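Structure file entry09.cif (mmCIF, C-alpha atoms) is printed below.
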```
data_my_file
loop_
_atom_site.label_atom_id
_atom_site.label_comp_id
_atom_site.auth_asym_id
_atom_site.auth_seq_id
_atom_site.Cartn_x
_atom_site.Cartn_y
_atom_site.Cartn_z
CA GLY I 281 38.95 -44.58 38.15
CA LEU I 282 35.31 -44.76 39.13
CA LYS I 283 32.22 -45.98 37.27
CA MET I 284 28.64 -45.92 38.50
CA THR I 285 25.11 -46.22 37.11
CA LEU I 286 21.94 -45.41 39.03
CA THR I 287 18.26 -45.33 38.06
CA ALA I 288 15.19 -44.48 40.13
CA GLY I 289 11.45 -44.12 39.71
CA ARG I 290 8.97 -41.71 41.23
CA SER I 291 10.27 -39.96 44.35
CA LYS I 292 10.40 -36.57 46.00
CA ALA I 293 12.27 -33.87 44.11
CA GLN I 294 14.50 -33.18 47.10
CA PHE I 295 15.91 -36.71 46.70
CA LEU I 296 17.61 -35.45 43.54
CA MET I 297 20.32 -34.04 45.79
CA ALA I 298 20.78 -37.42 47.47
CA PHE I 299 21.38 -39.10 44.10
CA TRP I 300 23.51 -36.20 42.84
CA PRO I 301 27.10 -36.87 44.03
CA VAL I 302 28.76 -34.07 46.00
CA LEU I 303 31.80 -34.26 43.69
CA VAL I 304 29.78 -33.28 40.60
CA VAL I 305 29.39 -29.47 40.11
CA PRO I 306 29.08 -29.02 43.90
CA GLU I 307 28.24 -25.29 43.85
CA VAL I 308 25.27 -25.80 41.52
CA ARG I 309 24.18 -28.87 43.50
CA SER I 310 24.21 -26.82 46.68
CA TYR I 311 22.24 -23.98 45.07
CA LEU I 312 19.55 -26.24 43.61
CA GLY I 313 19.33 -28.13 46.90
CA THR I 314 18.19 -24.88 48.50
CA ALA I 315 16.19 -23.53 45.54
CA ILE I 316 14.01 -26.63 45.02
CA GLU I 317 11.43 -26.57 47.80
CA GLY I 318 9.11 -29.40 46.75
CA GLY I 319 7.73 -31.56 43.96
CA MET I 320 8.35 -34.95 42.40
CA ILE I 321 10.90 -36.80 40.27
CA GLU I 322 9.14 -39.07 37.79
CA ASN I 323 12.27 -40.74 36.36
CA PHE I 324 15.94 -40.46 37.24
CA SER I 325 19.15 -41.81 35.70
CA TYR I 326 22.79 -41.16 36.52
CA THR I 327 25.95 -42.40 34.81
CA LEU I 328 29.46 -41.67 36.10
CA ASP I 329 32.63 -42.68 34.26
CA LEU I 330 35.78 -41.09 35.69
CA ASP I 331 39.25 -42.17 34.67
CA PRO I 332 42.03 -41.84 37.30
CA ALA I 333 42.81 -38.27 36.27
CA GLY I 334 39.15 -37.31 36.38
CA LEU I 335 38.70 -38.91 39.80
CA ALA I 336 41.73 -37.05 41.11
CA ALA I 337 40.26 -33.78 39.80
CA ALA I 338 36.91 -34.52 41.48
CA LEU I 339 38.55 -35.30 44.82
CA ALA I 340 40.54 -32.07 44.55
CA LYS I 341 37.29 -30.18 43.82
CA GLU I 342 38.53 -29.26 40.38
CA VAL I 343 36.62 -29.31 37.09
CA ILE I 344 35.96 -32.82 35.79
CA PRO I 345 35.63 -33.84 32.12
CA ASP I 346 32.26 -32.83 30.73
CA GLY I 347 31.51 -36.27 29.29
CA SER I 348 32.28 -38.13 32.50
CA VAL I 349 28.82 -37.46 33.98
CA LEU I 350 25.29 -37.63 32.66
CA LEU I 351 22.40 -37.09 35.06
CA THR I 352 18.80 -36.73 33.84
CA ALA I 353 15.57 -36.34 35.78
CA ASP I 354 11.94 -35.68 34.83
CA LEU I 355 10.36 -33.27 37.30
CA SER I 356 6.69 -32.54 38.01
CA ASP I 357 4.75 -30.23 40.38
CA VAL I 358 8.02 -28.63 41.50
CA THR I 359 8.26 -25.47 43.59
CA MET I 360 11.50 -23.57 43.05
CA ARG I 361 12.68 -20.25 44.43
CA VAL I 362 15.39 -18.86 42.13
CA ASP I 363 16.19 -16.21 44.74
CA LYS I 364 14.65 -15.21 48.06
CA ASP I 365 13.84 -11.77 46.61
CA LEU I 366 11.95 -13.16 43.59
CA PRO I 367 8.48 -14.76 43.53
CA PRO I 368 8.59 -18.59 43.61
CA LEU I 369 8.04 -20.76 40.55
CA VAL I 370 5.31 -23.34 41.19
CA ASP I 371 3.76 -26.38 39.49
CA LEU I 372 6.85 -26.75 37.31
CA ALA I 373 7.29 -29.68 34.95
CA GLY I 374 10.53 -30.18 33.05
CA ILE I 375 13.68 -32.16 32.39
CA VAL I 376 16.98 -31.69 34.27
CA THR I 377 20.24 -32.57 32.52
CA VAL I 378 23.62 -32.40 34.28
CA THR I 379 27.05 -33.13 32.78
CA GLY I 380 30.51 -32.70 34.21
CA GLN I 381 30.54 -28.98 33.45
CA THR I 382 26.97 -27.89 32.67
CA VAL I 383 23.47 -27.88 34.16
CA GLY I 384 20.27 -27.44 32.16
CA VAL I 385 16.55 -27.46 32.85
CA GLU I 386 13.94 -27.40 30.10
CA LEU I 387 10.62 -26.22 31.49
CA LYS I 388 7.46 -27.58 29.92
CA ASN I 389 5.06 -25.52 31.99
CA GLY I 390 4.57 -23.89 35.36
CA ALA I 391 3.61 -20.59 36.97
CA ILE I 392 4.95 -17.72 39.04
CA ALA I 393 3.19 -17.20 42.38
CA VAL I 394 3.21 -13.42 42.76
CA GLY I 395 1.10 -13.27 45.93
CA GLY I 396 -2.48 -12.34 46.70
CA ASN I 397 -3.73 -15.57 45.09
CA ARG I 398 -2.38 -14.35 41.75
CA VAL I 399 -0.24 -16.49 39.43
CA LEU I 400 1.40 -15.87 36.07
CA PRO I 401 1.48 -18.92 33.78
CA VAL I 402 4.92 -19.84 32.42
CA VAL I 403 4.41 -21.29 28.95
CA GLN I 404 8.07 -22.17 28.29
CA GLY I 405 11.46 -21.67 29.86
CA THR I 406 15.07 -22.75 30.30
CA TYR I 407 17.58 -22.73 33.13
CA ARG I 408 21.22 -23.10 32.10
CA VAL I 409 24.61 -23.06 33.77
CA GLU I 410 27.02 -23.24 30.84
CA ASP I 411 30.31 -23.24 32.76
CA THR I 412 30.46 -24.64 36.27
CA ALA I 413 34.17 -23.81 36.47
CA LEU I 414 33.27 -20.17 37.10
CA VAL I 415 33.26 -19.05 40.74
CA PRO I 416 30.52 -18.29 41.32
CA ALA I 417 28.81 -20.17 38.52
CA VAL I 418 26.15 -18.15 36.71
CA ALA I 419 22.65 -19.33 35.82
CA ASP I 420 20.91 -17.92 32.75
CA ILE I 421 17.15 -18.23 33.13
CA VAL I 422 14.77 -17.46 30.28
CA PHE I 423 11.00 -17.89 30.40
CA ARG I 424 7.86 -16.62 28.73
CA ILE I 425 4.81 -15.57 30.68
CA LYS I 426 1.24 -15.10 29.46
CA GLY I 427 -1.48 -14.06 31.85
CA GLY I 428 -3.27 -11.28 33.67
CA ALA I 429 -1.83 -7.78 33.83
CA ASP I 430 -2.74 -7.58 37.53
CA ALA I 431 -0.49 -10.57 38.31
CA PHE I 432 2.32 -9.05 36.25
CA VAL I 433 2.07 -5.76 38.18
CA ALA I 434 2.06 -7.67 41.48
CA GLY I 435 5.24 -9.49 40.44
CA LEU I 436 7.04 -6.20 39.81
CA LYS I 437 6.77 -5.45 43.53
CA SER I 438 9.28 -8.18 44.44
CA PRO I 439 12.51 -6.75 45.93
CA ALA I 440 14.78 -7.97 43.11
CA LEU I 441 12.62 -6.37 40.41
CA ARG I 442 12.16 -3.12 42.33
CA THR I 443 15.87 -2.43 41.75
CA VAL I 444 15.11 -2.31 38.00
CA SER I 445 11.67 -0.71 37.97
CA ALA I 446 10.55 1.86 40.51
CA ILE I 447 7.18 2.12 38.73
CA SER I 448 4.63 1.03 41.30
CA LEU I 449 1.00 0.31 40.46
CA ASP I 450 -1.85 -1.18 42.45
CA PRO I 451 -2.62 -4.61 40.92
CA SER I 452 -6.31 -4.15 41.68
CA ALA I 453 -6.35 -0.97 39.55
CA VAL I 454 -5.25 -2.66 36.30
CA LYS I 455 -6.89 -4.97 33.79
CA GLY I 456 -5.67 -6.66 30.64
CA GLN I 457 -3.26 -9.35 29.47
CA VAL I 458 0.53 -9.61 29.37
CA ASP I 459 2.79 -11.59 27.01
CA MET I 460 6.46 -11.23 27.87
CA GLN I 461 9.84 -12.92 27.71
CA ILE I 462 11.99 -12.48 30.81
CA LYS I 463 15.71 -13.15 31.18
CA LEU I 464 17.49 -13.45 34.52
CA ARG I 465 21.24 -13.79 35.02
CA VAL I 466 21.85 -15.05 38.55
CA PRO I 467 25.24 -15.65 40.21
CA LEU I 468 24.93 -18.84 42.26
CA LYS I 469 26.27 -17.62 45.58
CA PRO I 470 24.84 -17.70 49.11
CA ASP I 471 25.10 -13.95 49.77
CA LEU I 472 23.17 -12.93 46.66
CA LEU I 473 21.78 -9.38 46.70
CA PRO I 474 18.89 -8.06 44.55
CA ALA I 475 21.34 -5.85 42.67
CA ASP I 476 23.34 -8.98 41.67
CA VAL I 477 20.42 -10.31 39.60
CA GLN I 478 20.46 -8.96 36.04
CA VAL I 479 16.92 -8.61 34.68
CA ASP I 480 15.92 -8.11 31.04
CA ALA I 481 12.37 -8.31 29.77
CA GLU I 482 10.49 -7.52 26.59
CA GLY I 483 6.81 -7.85 25.81
CA LYS I 484 3.47 -6.12 25.72
CA LEU I 485 0.28 -5.46 27.60
CA SER I 486 -2.93 -5.67 25.57
CA GLY I 487 -6.48 -4.66 26.41
CA PHE I 488 -4.85 -2.75 29.24
CA SER I 489 -6.70 -0.32 31.49
CA LEU I 490 -5.46 1.63 34.50
CA GLU I 491 -7.44 3.66 36.99
CA LYS I 492 -6.17 7.24 37.56
CA ALA I 493 -3.43 6.81 34.97
CA PHE I 494 -3.19 10.53 34.24
CA GLY I 495 -4.43 12.52 37.19
CA ARG I 496 -7.99 11.35 37.80
CA GLU I 497 -8.41 10.08 34.25
CA ARG I 498 -8.55 6.39 33.43
CA LEU I 499 -6.49 4.85 30.62
CA ASP I 500 -8.58 2.45 28.53
CA ASN I 501 -8.16 -0.06 25.71
CA SER I 502 -4.41 0.42 25.47
CA VAL I 503 -1.58 -1.60 24.00
CA VAL I 504 1.70 -1.04 25.84
CA ALA I 505 5.17 -2.18 24.75
CA ILE I 506 7.46 -2.92 27.72
CA ASP I 507 11.26 -3.01 27.73
CA VAL I 508 13.13 -3.68 30.98
CA ASP I 509 16.91 -3.86 31.39
CA ARG I 510 19.57 -2.85 33.87
CA ASP I 511 19.05 0.80 32.90
CA GLY I 512 15.39 0.82 33.90
CA THR I 513 11.93 0.46 32.41
CA LYS I 514 10.52 1.91 29.22
CA LEU I 515 6.81 1.89 28.39
CA SER I 516 5.40 3.00 25.07
CA GLY I 517 1.77 2.72 24.10
CA GLU I 518 -1.50 4.09 22.92
CA GLY I 519 -5.06 3.97 24.18
CA SER I 520 -7.82 6.33 25.18
CA VAL I 521 -8.28 8.79 28.03
CA ALA I 522 -11.69 10.34 28.62
CA GLY I 523 -12.77 8.92 25.28
CA ALA I 524 -9.97 10.57 23.29
CA PRO I 525 -6.99 8.74 21.72
CA VAL I 526 -3.60 9.23 23.39
CA ARG I 527 -0.03 8.10 22.88
CA PHE I 528 2.47 7.97 25.71
CA ASP I 529 6.09 7.14 26.48
CA ILE I 530 7.33 6.59 30.03
CA VAL I 531 10.99 6.14 30.94
CA GLN I 532 11.86 5.11 34.49
CA PRO I 533 15.62 4.85 35.15
CA ALA I 534 16.66 2.06 37.50
CA ASN I 535 17.33 2.74 41.18
CA THR I 536 15.65 6.14 41.10
CA PRO I 537 12.50 7.47 42.79
CA LYS I 538 9.26 7.56 40.88
CA SER I 539 9.46 11.34 40.60
CA THR I 540 12.25 11.02 38.03
CA ALA I 541 10.10 9.18 35.49
CA ARG I 542 9.91 11.01 32.16
CA ILE I 543 6.42 11.02 30.64
CA LYS I 544 5.51 12.16 27.14
CA LEU I 545 1.78 12.34 26.44
CA THR I 546 0.33 13.09 23.01
CA VAL I 547 -3.39 13.89 22.74
CA ASP I 548 -5.68 15.25 20.05
CA ASP I 549 -7.42 18.65 20.04
CA SER I 550 -10.75 17.26 21.24
CA TRP I 551 -9.17 16.07 24.50
CA ARG I 552 -7.42 19.41 25.08
CA ALA I 553 -10.75 21.17 24.77
CA LYS I 554 -12.22 19.28 27.72
#
```
Could you render the structure as structure tokens?
Amino acid sequence: GLKMTLTAGRSKAQFLMAFWPVLVVPEVRSYLGTAIEGGMIENFSYTLDLDPAGLAAALAKEVIPDGSVLLTADLSDVTMRVDKDLPPLVDLAGIVTVTGQTVGVELKNGAIAVGGNRVLPVVQGTYRVEDTALVPAVADIVFRIKGGADAFVAGLKSPALRTVSAISLDPSAVKGQVDMQIKLRVPLKPDLLPADVQVDAEGKLSGFSLEKAFGRERLDNSVVAIDVDRDGTKLSGEGSVAGAPVRFDIVQPANTPKSTARIKLTVDDSWRAK
């Protein structure tokens, strides 16, 4: 068999891969070695206890007993790119836990860098690989964002999310706040395509305004419910246009041009008279 115990103090986050033995969930190790681009480890501990059968399984690149490994690390100021077609996660702080058959990350805080000096704060999140025996293993990522609507709109322009939502807005034309929970299901494979990433999201925009929302008219003071899944994007809300109250529903099927969006607009008689 094989037994080993390691501990370490503050060091670069990339050193996690040096401490993480190649025999332990190698596919996930390889993925995280590429995904983690910078940051720090504050504390690290690793315990390995393989009996002869477990060691033989590890050498044969087979699944090892779940309880034979426990790796924990406290991360801070980490930059991580879940996929090349998604915006990077920055300033992450959290705890990594690895066992013989699972990987988990509990995020304490962080942000999504969506470009143009815009960021979306991440107020909580998890990263989990529940079964490393799968080939490829699958990561389930769940996080909640709260921040500016302009940053949210900018994030939707990333290639992976454009496969779900063809709705395209100019971030500089929107104002308001977003509060949303996002779920990503990501196969951990080197040839990942945007269509391989399953995206689900649910939340709302509040105090939302959009220039030229309906023709030349501006949408003001709206609350918009958002539902995104593999079928597309659904928006439902109410606000005011030209000073009159309106209600609207927009359905944008995935992987279709913007011209196929279905829009239902309900206005009162005073607006029709204008």
Suppose a student applies the PyMOL selection byres ((chain I and resi 504-521) around 7) to this structure; what residues should they get, written as a ChimeraX atom specification?
/I:444-445,478-486,497-503,522-534
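Residues of protein, DNA or RNA having at least one counted atom within 8 Å of (27.8, -48.5, 37.9), given only C-alpha atoms, are Lys283, Met284, Thr285, Leu286, Thr327 and Leu328 of chain I.
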Applying the PyMOL selection byres ((chain I and resi 314) around 12) to the file I just gave you, which residues come out? Please list them as a ChimeraX atom specification.
/I:293-294,296-297,307-313,315-318,359-364,468-470
Residues of the last selection are to be written out with C-alpha atoms, as a PDB file, in the coordinates of the input.
```pdb
ATOM      1  CA  ALA I 293      12.270 -33.870  44.110  1.00  0.00           C
ATOM      2  CA  GLN I 294      14.500 -33.180  47.100  1.00  0.00           C
ATOM      3  CA  LEU I 296      17.610 -35.450  43.540  1.00  0.00           C
ATOM      4  CA  MET I 297      20.320 -34.040  45.790  1.00  0.00           C
ATOM      5  CA  GLU I 307      28.240 -25.290  43.850  1.00  0.00           C
ATOM      6  CA  VAL I 308      25.270 -25.800  41.520  1.00  0.00           C
ATOM      7  CA  ARG I 309      24.180 -28.870  43.500  1.00  0.00           C
ATOM      8  CA  SER I 310      24.210 -26.820  46.680  1.00  0.00           C
ATOM      9  CA  TYR I 311      22.240 -23.980  45.070  1.00  0.00           C
ATOM     10  CA  LEU I 312      19.550 -26.240  43.610  1.00  0.00           C
ATOM     11  CA  GLY I 313      19.330 -28.130  46.900  1.00  0.00           C
ATOM     12  CA  ALA I 315      16.190 -23.530  45.540  1.00  0.00           C
ATOM     13  CA  ILE I 316      14.010 -26.630  45.020  1.00  0.00           C
ATOM     14  CA  GLU I 317      11.430 -26.570  47.800  1.00  0.00           C
ATOM     15  CA  GLY I 318       9.110 -29.400  46.750  1.00  0.00           C
ATOM     16  CA  THR I 359       8.260 -25.470  43.590  1.00  0.00           C
ATOM     17  CA  MET I 360      11.500 -23.570  43.050  1.00  0.00           C
ATOM     18  CA  ARG I 361      12.680 -20.250  44.430  1.00  0.00           C
ATOM     19  CA  VAL I 362      15.390 -18.860  42.130  1.00  0.00           C
ATOM     20  CA  ASP I 363      16.190 -16.210  44.740  1.00  0.00           C
ATOM     21  CA  LYS I 364      14.650 -15.210  48.060  1.00  0.00           C
ATOM     22  CA  LEU I 468      24.930 -18.840  42.260  1.00  0.00           C
ATOM     23  CA  LYS I 469      26.270 -17.620  45.580  1.00  0.00           C
ATOM     24  CA  PRO I 470      24.840 -17.700  49.110  1.00  0.00           C
TER      25      PRO I 470
END
```
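Take atom CA of I:Pro467 and atom CA of I:Pro416: the distance between them is 6.0 Å.
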Rounded to one decimal place, report the atom CA of I:Val433-atom CA of I:Lys455 distance in Å.
10.0 Å
List every residue of stretch 323-363 of chain I that has an atom at most 9 Å from any atom of stretch 376-385 of chain I, giving for each one its closest atom pair and the distance in Å to one decimal, counting all atoms listed in the file, sorted by chain and then by ascending residue number, as a tab-separated table.
```
residue	atom	partner	partner_atom	distance
I:Val343	CA	I:Gln381	CA	7.1
I:Ile344	CA	I:Gly380	CA	5.7
I:Pro345	CA	I:Gly380	CA	5.6
I:Asp346	CA	I:Gly380	CA	3.9
I:Gly347	CA	I:Gly380	CA	6.2
I:Ser348	CA	I:Gly380	CA	6.0
I:Val349	CA	I:Thr379	CA	4.8
I:Leu350	CA	I:Thr379	CA	4.8
I:Leu351	CA	I:Val378	CA	4.9
I:Thr352	CA	I:Thr377	CA	4.6
I:Ala353	CA	I:Val376	CA	5.1
I:Asp354	CA	I:Val376	CA	6.5
I:Leu355	CA	I:Val376	CA	7.4
```
Give me, please, the distance in Å between atom CA of I:Ile321 and atom CA of I:Val370, quoted to one decimal.
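Separation between atom CA of I:Ile321 and atom CA of I:Val370: 14.6 Å.
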Spatial neighbours of I:Val399, 12 Å, all atoms listed in the file, chain gap at least 2 places, as a ChimeraX atom specification
/I:367-371,390-397,401-402,425-435
Point out the residue among I:Gln461, I:Lys437, I:Glu386, I:Tyr326 with the least atom-to-atom distance to I:Phe299, counting all atoms listed in the file.
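Going through I:Gln461, I:Lys437, I:Glu386, I:Tyr326 one by one, the smallest distance to I:Phe299 is for I:Tyr326.
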Run the PyMOL selection byres ((chain I and resi 454) around 8) mentally over the shown coordinates, then write out the matched residues as a PDB file with C-alpha atoms, in the coordinates of the input, using the chain letters and numbers from the document.
```
ATOM      1  CA  ALA I 429      -1.830  -7.780  33.830  1.00  0.00           C
ATOM      2  CA  ASP I 430      -2.740  -7.580  37.530  1.00  0.00           C
ATOM      3  CA  ASP I 450      -1.850  -1.180  42.450  1.00  0.00           C
ATOM      4  CA  PRO I 451      -2.620  -4.610  40.920  1.00  0.00           C
ATOM      5  CA  SER I 452      -6.310  -4.150  41.680  1.00  0.00           C
ATOM      6  CA  ALA I 453      -6.350  -0.970  39.550  1.00  0.00           C
ATOM      7  CA  LYS I 455      -6.890  -4.970  33.790  1.00  0.00           C
ATOM      8  CA  GLY I 456      -5.670  -6.660  30.640  1.00  0.00           C
ATOM      9  CA  PHE I 488      -4.850  -2.750  29.240  1.00  0.00           C
ATOM     10  CA  SER I 489      -6.700  -0.320  31.490  1.00  0.00           C
ATOM     11  CA  LEU I 490      -5.460   1.630  34.500  1.00  0.00           C
ATOM     12  CA  GLU I 491      -7.440   3.660  36.990  1.00  0.00           C
TER      13      GLU I 491
END
```
Taking only C-alpha atoms into account, name the residue in I:Gly289, I:Pro301, I:Gly281, I:Pro439 that is nearest to I:Met320.
I:Gly289
From the options I:Asp420, I:Leu387, I:Arg465, I:Lys341, which residue's atoms come nearest to I:Gly405, counting all atoms listed in the file?
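When distances to I:Gly405 are compared using all atoms listed in the file, the smallest one comes from I:Leu387.
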Return as JSON the centre and edge lengths, in Å with one decimal, of the box along x, y and z that encloses every atom of stretch 322-331 of chain I in the file, padded by 5 Å per side.
```
{"center_x": 24.2, "center_y": -40.9, "center_z": 36.0, "size_x": 40.1, "size_y": 13.6, "size_z": 13.5}
```
Show me that you can extract stretch 363-424 of chain I, keeping C-alpha atoms, and write it as a PDB file, in the first residue's frame.
```pdb
ATOM      1  CA  ASP I 363     -14.031  27.433 -20.409  1.00  0.00           C
ATOM      2  CA  LYS I 364     -12.249  29.481 -23.065  1.00  0.00           C
ATOM      3  CA  ASP I 365     -15.631  30.639 -24.397  1.00  0.00           C
ATOM      4  CA  LEU I 366     -16.857  31.934 -21.014  1.00  0.00           C
ATOM      5  CA  PRO I 367     -15.744  35.087 -19.166  1.00  0.00           C
ATOM      6  CA  PRO I 368     -13.084  34.400 -16.496  1.00  0.00           C
ATOM      7  CA  LEU I 369     -13.836  34.256 -12.789  1.00  0.00           C
ATOM      8  CA  VAL I 370     -11.560  36.614 -10.850  1.00  0.00           C
ATOM      9  CA  ASP I 371     -10.703  37.473  -7.232  1.00  0.00           C
ATOM     10  CA  LEU I 372     -12.109  34.131  -6.094  1.00  0.00           C
ATOM     11  CA  ALA I 373     -11.855  32.976  -2.500  1.00  0.00           C
ATOM     12  CA  GLY I 374     -12.969  29.508  -1.474  1.00  0.00           C
ATOM     13  CA  ILE I 375     -12.170  26.034  -0.216  1.00  0.00           C
ATOM     14  CA  VAL I 376     -11.179  23.087  -2.440  1.00  0.00           C
ATOM     15  CA  THR I 377     -11.925  19.545  -1.260  1.00  0.00           C
ATOM     16  CA  VAL I 378     -10.819  16.459  -3.211  1.00  0.00           C
ATOM     17  CA  THR I 379     -11.491  12.812  -2.331  1.00  0.00           C
ATOM     18  CA  GLY I 380     -10.800   9.639  -4.259  1.00  0.00           C
ATOM     19  CA  GLN I 381     -13.891  10.089  -6.418  1.00  0.00           C
ATOM     20  CA  THR I 382     -15.133  13.678  -5.994  1.00  0.00           C
ATOM     21  CA  VAL I 383     -13.980  17.282  -6.334  1.00  0.00           C
ATOM     22  CA  GLY I 384     -15.677  20.257  -4.699  1.00  0.00           C
ATOM     23  CA  VAL I 385     -15.082  23.989  -4.440  1.00  0.00           C
ATOM     24  CA  GLU I 386     -17.095  26.244  -2.141  1.00  0.00           C
ATOM     25  CA  LEU I 387     -16.810  29.837  -3.286  1.00  0.00           C
ATOM     26  CA  LYS I 388     -16.970  32.557  -0.657  1.00  0.00           C
ATOM     27  CA  ASN I 389     -16.807  35.467  -3.066  1.00  0.00           C
ATOM     28  CA  GLY I 390     -15.442  36.580  -6.403  1.00  0.00           C
ATOM     29  CA  ALA I 391     -16.482  38.213  -9.663  1.00  0.00           C
ATOM     30  CA  ILE I 392     -16.950  37.575 -13.368  1.00  0.00           C
ATOM     31  CA  ALA I 393     -14.822  39.770 -15.637  1.00  0.00           C
ATOM     32  CA  VAL I 394     -17.120  40.368 -18.607  1.00  0.00           C
ATOM     33  CA  GLY I 395     -14.860  42.828 -20.442  1.00  0.00           C
ATOM     34  CA  GLY I 396     -14.853  46.574 -20.948  1.00  0.00           C
ATOM     35  CA  ASN I 397     -13.806  47.124 -17.308  1.00  0.00           C
ATOM     36  CA  ARG I 398     -17.117  45.595 -16.199  1.00  0.00           C
ATOM     37  CA  VAL I 399     -17.396  42.903 -13.516  1.00  0.00           C
ATOM     38  CA  LEU I 400     -20.315  41.004 -12.022  1.00  0.00           C
ATOM     39  CA  PRO I 401     -19.913  40.190  -8.313  1.00  0.00           C
ATOM     40  CA  VAL I 402     -20.352  36.516  -7.394  1.00  0.00           C
ATOM     41  CA  VAL I 403     -21.903  36.394  -3.933  1.00  0.00           C
ATOM     42  CA  GLN I 404     -21.861  32.597  -3.552  1.00  0.00           C
ATOM     43  CA  GLY I 405     -21.112  29.525  -5.612  1.00  0.00           C
ATOM     44  CA  THR I 406     -20.128  25.871  -5.826  1.00  0.00           C
ATOM     45  CA  TYR I 407     -18.117  23.732  -8.217  1.00  0.00           C
ATOM     46  CA  ARG I 408     -18.693  19.983  -7.951  1.00  0.00           C
ATOM     47  CA  VAL I 409     -17.570  16.854  -9.744  1.00  0.00           C
ATOM     48  CA  GLU I 410     -19.641  14.122  -8.117  1.00  0.00           C
ATOM     49  CA  ASP I 411     -18.299  11.114 -10.029  1.00  0.00           C
ATOM     50  CA  THR I 412     -14.778  11.166 -11.406  1.00  0.00           C
ATOM     51  CA  ALA I 413     -15.271   7.670 -12.845  1.00  0.00           C
ATOM     52  CA  LEU I 414     -17.267   9.182 -15.704  1.00  0.00           C
ATOM     53  CA  VAL I 415     -15.362   9.781 -18.941  1.00  0.00           C
ATOM     54  CA  PRO I 416     -15.395  12.659 -19.355  1.00  0.00           C
ATOM     55  CA  ALA I 417     -16.138  13.729 -15.811  1.00  0.00           C
ATOM     56  CA  VAL I 418     -18.790  16.437 -15.532  1.00  0.00           C
ATOM     57  CA  ALA I 419     -18.562  19.591 -13.423  1.00  0.00           C
ATOM     58  CA  ASP I 420     -21.733  21.152 -12.042  1.00  0.00           C
ATOM     59  CA  ILE I 421     -21.178  24.845 -11.354  1.00  0.00           C
ATOM     60  CA  VAL I 422     -23.744  26.969  -9.542  1.00  0.00           C
ATOM     61  CA  PHE I 423     -23.281  30.612  -8.600  1.00  0.00           C
ATOM     62  CA  ARG I 424     -25.306  33.696  -7.791  1.00  0.00           C
TER      63      ARG I 424
END
```
